[in-house]
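*Asks:* Structure file entry.cif, mmCIF, C-alpha atoms, is pasted below:
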```cif
data_my_file
loop_
_atom_site.label_atom_id
_atom_site.label_comp_id
_atom_site.auth_asym_id
_atom_site.auth_seq_id
_atom_site.Cartn_x
_atom_site.Cartn_y
_atom_site.Cartn_z
CA MET A 1 0.00 0.00 0.00
CA THR A 2 2.87 2.42 0.71
CA GLY A 3 5.35 1.28 -1.91
CA CYS A 4 8.20 1.03 0.61
CA THR A 5 9.38 -1.09 3.50
CA VAL A 6 8.93 -0.12 7.15
CA GLY A 7 12.63 0.77 7.36
CA GLN A 8 12.42 3.00 4.27
CA TYR A 9 9.30 4.67 5.64
CA ILE A 10 11.00 5.51 8.95
CA ARG A 11 14.10 6.83 7.18
CA LYS A 12 12.08 9.07 4.86
CA ARG A 13 9.99 10.37 7.76
CA ARG A 14 13.13 11.24 9.75
CA LEU A 15 14.64 13.08 6.80
CA SER A 16 11.39 14.95 6.12
CA CYS A 17 11.09 16.04 9.76
CA SER A 18 14.75 17.10 9.74
CA ALA A 19 14.04 19.32 6.70
CA ASP A 20 11.37 21.07 8.75
CA GLU A 21 13.92 21.60 11.55
CA LEU A 22 16.39 23.09 9.06
CA MET A 23 13.81 25.56 7.82
CA HIS A 24 12.23 26.63 11.10
CA THR A 25 15.04 26.44 13.68
CA ARG A 26 18.64 27.60 14.01
CA LYS A 27 19.93 24.27 15.28
CA ARG A 28 23.31 23.19 13.98
CA VAL A 29 23.27 20.58 11.23
CA ILE A 30 25.21 18.14 13.38
CA ASP A 31 22.68 18.49 16.22
CA ILE A 32 19.80 17.83 13.84
CA ALA A 33 21.66 14.79 12.50
CA PHE A 34 21.97 13.32 16.00
CA ASP A 35 18.38 14.28 16.92
CA PHE A 36 17.13 12.13 14.04
CA GLN A 37 19.39 9.19 14.90
CA PHE A 38 22.09 9.51 12.25
CA GLU A 39 25.49 8.25 13.35
CA SER A 40 27.37 11.29 12.03
CA GLN A 41 26.87 14.58 10.24
CA GLU A 42 28.42 13.06 7.11
CA SER A 43 25.97 10.15 6.97
CA TYR A 44 23.06 12.58 7.47
CA ILE A 45 24.27 14.84 4.66
CA ARG A 46 24.61 11.86 2.29
CA ALA A 47 21.11 10.59 3.14
CA PHE A 48 19.57 14.07 2.85
CA LYS A 49 21.17 14.72 -0.54
CA SER A 50 20.16 11.28 -1.81
CA MET A 51 16.52 11.92 -0.95
CA PHE A 52 16.15 15.63 -1.76
CA GLY A 53 18.91 16.30 -4.31
CA THR A 54 20.55 19.02 -2.18
CA THR A 55 22.58 19.20 1.02
CA PRO A 56 21.10 20.32 4.37
CA GLY A 57 23.27 23.45 4.35
CA ALA A 58 22.29 24.42 0.81
CA TYR A 59 18.62 23.80 1.58
CA ARG A 60 18.79 26.03 4.68
CA ARG A 61 20.51 28.83 2.78
CA SER A 62 18.12 28.71 -0.16
CA PRO A 63 14.97 26.70 0.60
CA ARG A 64 13.33 25.10 -2.40
CA ILE A 65 10.25 23.01 -2.87
CA ILE A 66 11.14 19.46 -1.86
CA ALA A 67 9.07 16.31 -1.69
CA VAL A 68 8.64 15.75 2.03
CA TYR A 69 7.32 12.37 3.07
CA ASN A 70 4.18 12.97 5.10
CA ALA A 71 2.87 10.58 7.73
CA LEU A 72 0.74 7.89 6.10
CA HIS A 73 -2.71 6.98 7.42
CA LEU A 74 -3.53 3.50 6.20
CA ASN A 75 -7.24 3.76 7.02
CA GLN A 76 -7.49 6.67 4.60
CA MET A 77 -5.45 4.90 1.92
CA GLN A 78 -8.07 2.15 1.81
CA ARG A 79 -10.77 4.56 0.70
CA LYS A 80 -11.57 4.24 -2.99
CA ASP A 81 -11.98 8.01 -3.44
CA LEU A 82 -8.36 8.50 -2.29
CA LEU A 83 -6.72 5.96 -4.57
CA PRO A 84 -3.43 7.30 -5.97
CA MET A 85 -3.54 9.14 -9.29
CA GLN A 86 -0.72 8.18 -11.68
CA PRO A 87 0.64 10.91 -13.96
CA ASP A 88 1.96 10.53 -17.49
CA ILE A 89 5.77 10.29 -17.52
CA ILE A 90 7.21 12.10 -20.53
CA ARG A 91 10.68 13.13 -21.66
CA LYS A 92 10.90 16.57 -23.18
CA LYS A 93 12.75 19.87 -23.29
CA PHE A 94 10.95 23.19 -23.26
CA LEU A 95 11.93 26.35 -25.12
CA LEU A 96 9.72 29.22 -23.98
CA VAL A 97 9.34 32.87 -24.91
CA GLY A 98 7.36 35.27 -22.74
CA VAL A 99 7.37 37.94 -20.07
CA GLU A 100 8.07 37.94 -16.34
CA THR A 101 7.66 40.21 -13.35
CA ARG A 102 8.43 40.33 -9.64
CA ILE A 103 5.46 39.81 -7.34
CA ASP A 104 5.07 40.30 -3.60
CA LEU A 105 2.66 37.63 -2.31
CA ARG A 106 1.61 39.90 0.60
CA SER A 107 -0.07 42.32 -1.80
CA ASP A 108 -2.93 41.83 -4.22
CA PHE A 109 -1.05 40.23 -7.10
CA SER A 110 -4.13 39.30 -9.18
CA SER A 111 -4.03 42.56 -11.09
CA LYS A 112 -0.31 42.20 -11.71
CA LEU A 113 -0.81 38.71 -13.13
CA SER A 114 -3.60 39.96 -15.38
CA LEU A 115 -1.39 42.77 -16.70
CA LEU A 116 1.43 40.30 -17.37
CA ARG A 117 -0.83 37.89 -19.24
CA ASN A 118 -2.29 40.74 -21.28
CA ALA A 119 1.26 41.79 -22.19
CA LEU A 120 1.93 38.25 -23.42
CA ARG A 121 -1.25 38.19 -25.52
CA GLN A 122 -0.30 41.51 -27.13
CA SER A 123 3.16 40.14 -27.96
CA LEU A 124 1.87 36.89 -29.50
CA PRO A 125 1.73 38.13 -33.12
CA ALA A 126 5.42 39.05 -32.93
CA ILE A 127 6.49 35.64 -31.58
CA GLU A 128 7.51 33.34 -34.40
CA ASN A 129 7.74 29.55 -34.52
CA LYS A 130 5.05 28.98 -31.88
CA VAL A 131 4.26 25.35 -31.10
CA THR A 132 0.62 24.49 -31.74
CA PRO A 133 -1.74 24.38 -30.05
CA VAL A 134 -0.62 27.63 -28.46
CA ARG A 135 -0.95 27.26 -24.68
CA MET A 136 0.00 29.64 -21.89
CA VAL A 137 2.79 28.44 -19.57
CA GLY A 138 3.15 29.77 -16.02
CA ILE A 139 6.27 29.37 -13.85
CA TRP A 140 6.86 30.61 -10.28
CA LEU A 141 10.51 31.21 -9.38
CA PRO A 142 12.39 32.51 -6.32
CA ASP A 143 13.27 36.22 -6.31
CA PRO A 144 17.07 36.31 -6.79
CA ASP A 145 17.42 39.27 -4.41
CA ASP A 146 15.84 37.28 -1.56
CA ALA A 147 17.20 33.81 -2.31
CA ASP A 148 18.72 33.53 1.18
CA ASP A 149 15.50 34.52 2.96
CA GLU A 150 13.45 31.35 3.45
CA MET A 151 10.37 33.31 4.54
CA SER A 152 10.47 35.90 1.75
CA PRO A 153 7.06 36.54 0.13
CA LYS A 154 8.71 37.82 -3.05
CA ARG A 155 8.64 35.73 -6.22
CA VAL A 156 9.26 35.99 -9.94
CA TYR A 157 6.43 34.89 -12.23
CA PHE A 158 7.04 34.00 -15.87
CA THR A 159 4.33 33.45 -18.42
CA GLY A 160 4.99 32.51 -22.02
CA VAL A 161 4.42 30.09 -24.88
CA GLU A 162 6.41 27.19 -26.25
CA VAL A 163 8.37 27.77 -29.46
CA ALA A 164 10.33 25.52 -31.81
CA ASP A 165 13.26 27.97 -31.86
CA VAL A 166 13.95 31.55 -30.78
CA ASP A 167 14.99 33.00 -34.13
CA GLY A 168 13.33 36.35 -34.49
CA ALA A 169 12.11 36.51 -30.89
CA PRO A 170 11.41 40.14 -29.93
CA PRO A 171 14.32 41.45 -27.82
CA HIS A 172 12.05 42.72 -25.03
CA LEU A 173 10.78 39.20 -24.30
CA VAL A 174 12.34 36.64 -21.94
CA ILE A 175 13.63 33.26 -23.14
CA LYS A 176 13.50 30.19 -20.89
CA ASP A 177 15.43 27.19 -22.18
CA LEU A 178 14.61 24.23 -19.92
CA PRO A 179 16.95 21.27 -20.53
CA GLU A 180 15.58 17.88 -21.49
CA SER A 181 14.19 16.01 -18.52
CA LEU A 182 11.63 13.51 -17.43
CA PHE A 183 8.38 15.17 -16.40
CA ALA A 184 5.44 13.86 -14.43
CA ARG A 185 2.36 15.38 -16.06
CA PHE A 186 -0.77 15.67 -13.92
CA ARG A 187 -4.15 16.84 -15.16
CA GLU A 188 -5.66 19.46 -12.85
CA LYS A 189 -9.39 20.10 -13.05
CA THR A 190 -9.73 22.17 -9.86
CA ARG A 191 -7.14 24.88 -9.31
CA GLY A 192 -4.64 24.34 -6.53
CA THR A 193 -5.25 20.64 -5.87
CA MET A 194 -2.88 18.62 -8.04
CA SER A 195 0.41 20.36 -7.21
CA ARG A 196 0.05 19.58 -3.51
CA TYR A 197 -0.88 15.96 -4.28
CA ALA A 198 2.16 15.62 -6.53
CA TYR A 199 4.59 16.68 -3.80
CA THR A 200 3.04 15.20 -0.69
CA GLN A 201 1.59 11.91 -1.94
CA TRP A 202 2.85 10.87 -5.35
CA LEU A 203 6.53 11.90 -5.41
CA PRO A 204 7.67 10.41 -2.06
CA THR A 205 6.60 6.88 -3.13
CA SER A 206 7.18 7.20 -6.88
CA GLY A 207 10.83 6.20 -7.14
CA TYR A 208 11.67 9.66 -8.54
CA LEU A 209 13.27 12.82 -7.16
CA LEU A 210 12.64 16.43 -8.10
CA ASN A 211 15.08 17.45 -10.86
CA MET A 212 16.44 20.68 -9.42
CA ASP A 213 18.70 21.18 -12.46
CA VAL A 214 15.59 22.06 -14.49
CA LEU A 215 13.45 24.05 -12.05
CA PRO A 216 13.04 24.35 -8.27
CA GLY A 217 9.44 23.24 -8.65
CA ASP A 218 6.57 22.51 -11.00
CA PHE A 219 5.01 24.63 -13.71
CA GLU A 220 1.57 24.81 -15.28
CA ILE A 221 0.36 24.79 -18.88
CA PHE A 222 -3.14 26.17 -19.37
CA ASP A 223 -5.53 24.87 -21.98
CA ASP A 224 -5.78 28.21 -23.77
CA MET A 225 -4.55 31.79 -23.62
CA GLU A 226 -7.26 33.13 -21.35
CA HIS A 227 -7.11 31.54 -17.87
CA ASP A 228 -9.61 34.02 -16.45
CA GLY A 229 -11.51 31.56 -14.27
CA VAL A 230 -10.43 29.73 -11.14
CA ASP A 231 -11.69 26.43 -12.58
CA ASP A 232 -9.69 26.55 -15.81
CA GLU A 233 -8.13 23.15 -16.45
CA CYS A 234 -4.39 22.83 -16.93
CA ASP A 235 -1.49 20.39 -16.89
CA ILE A 236 0.91 20.45 -13.95
CA LEU A 237 4.41 19.33 -14.96
CA LEU A 238 6.93 18.25 -12.35
CA PRO A 239 10.57 17.85 -13.50
CA ILE A 240 11.86 14.56 -12.11
CA ARG A 241 14.88 12.27 -12.18
CA THR A 242 15.32 8.66 -11.18
CA CYS A 243 16.53 7.89 -7.66
CA PRO A 244 20.14 6.74 -7.22
CA VAL A 245 20.46 2.95 -7.16
CA ASN A 246 21.64 3.00 -3.54
CA ASP A 247 18.65 5.08 -2.31
#
```
Represent the supplied structure as structure tokens.
*Replies:*
Amino acid sequence: MTGCTVGQYIRKRRLSCSADELMHTRKRVIDIAFDFQFESQESYIRAFKSMFGTTPGAYRRSPRIIAVYNALHLNQMQRKDLLPMQPDIIRKKFLLVGVETRIDLRSDFSSKLSLLRNALRQSLPAIENKVTPVRMVGIWLPDPDDADDEMSPKRVYFTGVEVADVDGAPPHLVIKDLPESLFARFREKTRGTMSRYAYTQWLPTSGYLLNMDVLPGDFEIFDDMEHDGVDDECDILLPIRTCPVND
């Protein structure tokens, strides 16, 4: 039912809880290692990097979205309406052209997103070599000026379209060249539901890790160029890589 042994479950839970300690306390890494029953700081660092793709120190300095392994409740897993949803696994690279802006999550950012998407729509005729069907891509990224502040509400939001190549791309637009990777593609029918499921339920037992070399998190591809309603359907794509053999 869980996809892992009892020993693997305990190890993943310890590492997930230690990640929470790294983010929310100022304890030394070595103290956290001993608190979660690792024999040494070195063995803890190796285990943490194997599971999350980054070291404890790097994660504390620049927190990213990681796939924590939440406590499992077997009575809930037996319910038919909570059966796991399996995504499509695809291999692909993405070449995107669009616009981006900095957004403070503490303020009303809806109007800023609308302005950004309108700017993309106005630029569409000037973007050549668009991949059809033309779909709007949205990517949330850390603000580079606040990368060391784990609680920062500032983000960078990019929205664009996929292109076959960037020849003739207007100079005022932003190019995102995402390297080839495996992606887990989830279909989201209700906004805000599938991304959380992907990180907290699917990824920890999937045999994959988040591919941080592509993006620090997922991105969304909307069905059309409008996305004016909260119930617009979209695809959520999570860049992934296979786990090391010794994990």
*Asks:* Which of these residues is nearest to Phe219 in chain A, using all atoms listed in the file: A:Tyr59, A:Phe52, A:Phe94, A:Phe38?
*Replies:*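 Distance minimum relative to Phe219 in chain A lands on A:Phe94.
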*Asks:* Spell out the residues picked by the PyMOL selection byres ((chain A and resi 69) around 6) here, as a PDB file with C-alpha atoms, in the coordinates of the input.
*Replies:*
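Contents of the output file part-v7.pdb:
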```pdb
ATOM      1  CA  ARG A  13       9.990  10.370   7.760  1.00  0.00           C
ATOM      2  CA  SER A  16      11.390  14.950   6.120  1.00  0.00           C
ATOM      3  CA  VAL A  68       8.640  15.750   2.030  1.00  0.00           C
ATOM      4  CA  ASN A  70       4.180  12.970   5.100  1.00  0.00           C
ATOM      5  CA  PRO A 204       7.670  10.410  -2.060  1.00  0.00           C
TER       6      PRO A 204
END
```
*Asks:* Find the residue from A:Phe34, A:Val131, A:Ala58, A:Met23 that sits nearest to Leu95 in chain A; use all atoms listed in the file when measuring.
*Replies:* A:Val131
*Asks:* Just want the 8 Å neighbourhood of Ser18 in chain A, counted on only C-alpha atoms, with same-chain residues fewer than 3 positions away dropped. Output as a VMD selection string.
*Replies:* chain A and resid 14 to 15 21 to 22 32 to 33 36
*Asks:* So which residues touch Ser195 in chain A within 10 Å, counting only C-alpha atoms, skipping near sequence neighbours fewer than 6 positions away, as a VMD selection string?
*Replies:* chain A and resid 186 to 188 202 217 to 220 235 to 238
*Asks:* Distance CA of Ser50 in chain A-CA of Lys12 in chain A, one decimal place?
*Replies:* 10.7 Å
*Asks:* Taking a cut-off of 12 Å and counting all atoms listed in the file, can you build a table that, for each residue of range 119-146 of chain A near range 173-178 of chain A, reports the nearest atom pair and how far apart they are in Å (one decimal), sorted by chain then residue number, as CSV?
*Replies:*
```
residue,atom,partner,partner_atom,distance
A:Ala119,CA,A:Leu173,CA,10.1
A:Leu120,CA,A:Leu173,CA,8.9
A:Gln122,CA,A:Leu173,CA,11.7
A:Ser123,CA,A:Leu173,CA,8.5
A:Leu124,CA,A:Leu173,CA,10.6
A:Ala126,CA,A:Leu173,CA,10.2
A:Ile127,CA,A:Leu173,CA,9.2
A:Val137,CA,A:Lys176,CA,10.9
A:Gly138,CA,A:Lys176,CA,11.4
A:Ile139,CA,A:Lys176,CA,10.1
A:Leu141,CA,A:Lys176,CA,11.9
```
*Asks:* Go through A:Gly98, A:Pro56, A:Pro153, A:Pro144 one by one, measure the shortest atom-to-atom distance of each to Pro170 in chain A using all atoms listed in the file, and give the residue with the smallest value.
*Replies:*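 Under the stated criterion, the closest residue is A:Gly98.
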*Asks:* What is the CA of Ala47 in chain A to CA of Gln86 in chain A distance in Å?
*Replies:*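 These two atoms are separated by 26.5 Å.
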*Asks:* With all atoms listed in the file as the basis for distance, which of A:Thr242, A:Asn118, A:Ser110, A:Asn129 is at the shortest distance from Asp167 in chain A?
*Replies:* A:Asn129
*Asks:* Find the distance between CA of Met194 in chain A and CA of Pro216 in chain A and write it in Å to one decimal.
*Replies:*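 It comes out at 16.9 Å.
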*Asks:* Between A:Tyr197, A:Phe183, A:Phe222, A:Tyr44, which residue has the minimum interatomic distance to Arg241 in chain A, considering all atoms listed in the file?
*Replies:*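 Ranked by minimum distance to Arg241 in chain A, first place goes to A:Phe183.
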*Asks:* Since the input lacks atoms, please generate N, CA and C atoms for range 80-114 of chain A and provide them as a CSV table (one decimal), in the coordinates of the input.
*Replies:*
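Written file, rebuild_29.csv:
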```
chain,number,residue,atom,x,y,z
A,80,LYS,N,-11.6,4.3,-1.5
A,80,LYS,CA,-11.6,4.2,-3.0
A,80,LYS,C,-11.4,5.6,-3.6
A,81,ASP,N,-12.0,6.7,-2.9
A,81,ASP,CA,-12.0,8.0,-3.4
A,81,ASP,C,-10.6,8.6,-3.2
A,82,LEU,N,-9.7,8.0,-2.5
A,82,LEU,CA,-8.4,8.5,-2.3
A,82,LEU,C,-7.3,7.6,-2.9
A,83,LEU,N,-7.7,6.8,-3.9
A,83,LEU,CA,-6.7,6.0,-4.6
A,83,LEU,C,-5.7,6.8,-5.3
A,84,PRO,N,-4.4,6.5,-5.4
A,84,PRO,CA,-3.4,7.3,-6.0
A,84,PRO,C,-3.7,7.6,-7.5
A,85,MET,N,-3.4,8.8,-7.9
A,85,MET,CA,-3.5,9.1,-9.3
A,85,MET,C,-2.2,9.1,-9.9
A,86,GLN,N,-2.0,8.3,-11.0
A,86,GLN,CA,-0.7,8.2,-11.7
A,86,GLN,C,-0.6,9.2,-12.8
A,87,PRO,N,0.5,9.9,-12.9
A,87,PRO,CA,0.6,10.9,-14.0
A,87,PRO,C,1.2,10.2,-15.2
A,88,ASP,N,1.2,10.9,-16.3
A,88,ASP,CA,2.0,10.5,-17.5
A,88,ASP,C,3.4,10.9,-17.3
A,89,ILE,N,4.3,10.0,-17.6
A,89,ILE,CA,5.8,10.3,-17.5
A,89,ILE,C,6.3,10.5,-18.9
A,90,ILE,N,6.7,11.7,-19.2
A,90,ILE,CA,7.2,12.1,-20.5
A,90,ILE,C,8.6,12.6,-20.5
A,91,ARG,N,9.3,12.5,-21.6
A,91,ARG,CA,10.7,13.1,-21.7
A,91,ARG,C,10.6,14.2,-22.7
A,92,LYS,N,11.1,15.4,-22.3
A,92,LYS,CA,10.9,16.6,-23.2
A,92,LYS,C,11.8,17.7,-22.7
A,93,LYS,N,12.1,18.6,-23.6
A,93,LYS,CA,12.8,19.9,-23.3
A,93,LYS,C,11.8,21.0,-23.7
A,94,PHE,N,11.9,22.1,-23.0
A,94,PHE,CA,11.0,23.2,-23.3
A,94,PHE,C,11.7,24.4,-23.6
A,95,LEU,N,11.4,25.1,-24.7
A,95,LEU,CA,11.9,26.4,-25.1
A,95,LEU,C,10.8,27.3,-25.1
A,96,LEU,N,10.8,28.3,-24.2
A,96,LEU,CA,9.7,29.2,-24.0
A,96,LEU,C,10.1,30.7,-24.2
A,97,VAL,N,9.2,31.4,-24.7
A,97,VAL,CA,9.3,32.9,-24.9
A,97,VAL,C,8.2,33.6,-24.2
A,98,GLY,N,8.5,34.6,-23.4
A,98,GLY,CA,7.4,35.3,-22.7
A,98,GLY,C,7.8,36.5,-22.0
A,99,VAL,N,7.1,36.8,-20.9
A,99,VAL,CA,7.4,37.9,-20.1
A,99,VAL,C,7.4,37.5,-18.6
A,100,GLU,N,8.0,38.3,-17.8
A,100,GLU,CA,8.1,37.9,-16.3
A,100,GLU,C,8.1,39.2,-15.5
A,101,THR,N,7.7,39.1,-14.3
A,101,THR,CA,7.7,40.2,-13.4
A,101,THR,C,7.9,39.7,-11.9
A,102,ARG,N,8.3,40.6,-11.1
A,102,ARG,CA,8.4,40.3,-9.6
A,102,ARG,C,7.1,40.6,-8.9
A,103,ILE,N,6.7,39.7,-8.0
A,103,ILE,CA,5.5,39.8,-7.3
A,103,ILE,C,5.7,39.6,-5.9
A,104,ASP,N,5.1,40.5,-5.0
A,104,ASP,CA,5.1,40.3,-3.6
A,104,ASP,C,3.8,39.6,-3.2
A,105,LEU,N,3.9,38.4,-2.6
A,105,LEU,CA,2.7,37.6,-2.3
A,105,LEU,C,1.8,38.3,-1.2
A,106,ARG,N,2.4,39.2,-0.5
A,106,ARG,CA,1.6,39.9,0.6
A,106,ARG,C,0.6,40.9,0.0
A,107,SER,N,0.8,41.3,-1.2
A,107,SER,CA,-0.1,42.3,-1.8
A,107,SER,C,-1.0,41.6,-2.7
A,108,ASP,N,-2.0,42.4,-3.3
A,108,ASP,CA,-2.9,41.8,-4.2
A,108,ASP,C,-2.2,41.7,-5.6
A,109,PHE,N,-1.8,40.4,-5.9
A,109,PHE,CA,-1.0,40.2,-7.1
A,109,PHE,C,-1.9,39.9,-8.3
A,110,SER,N,-3.2,39.7,-8.1
A,110,SER,CA,-4.1,39.3,-9.2
A,110,SER,C,-4.1,40.3,-10.3
A,111,SER,N,-4.1,41.6,-10.0
A,111,SER,CA,-4.0,42.6,-11.1
A,111,SER,C,-2.7,42.5,-11.8
A,112,LYS,N,-1.6,42.3,-11.1
A,112,LYS,CA,-0.3,42.2,-11.7
A,112,LYS,C,-0.2,41.0,-12.7
A,113,LEU,N,-0.8,39.9,-12.3
A,113,LEU,CA,-0.8,38.7,-13.1
A,113,LEU,C,-1.6,39.0,-14.4
A,114,SER,N,-2.8,39.6,-14.2
A,114,SER,CA,-3.6,40.0,-15.4
A,114,SER,C,-2.9,40.9,-16.4
```
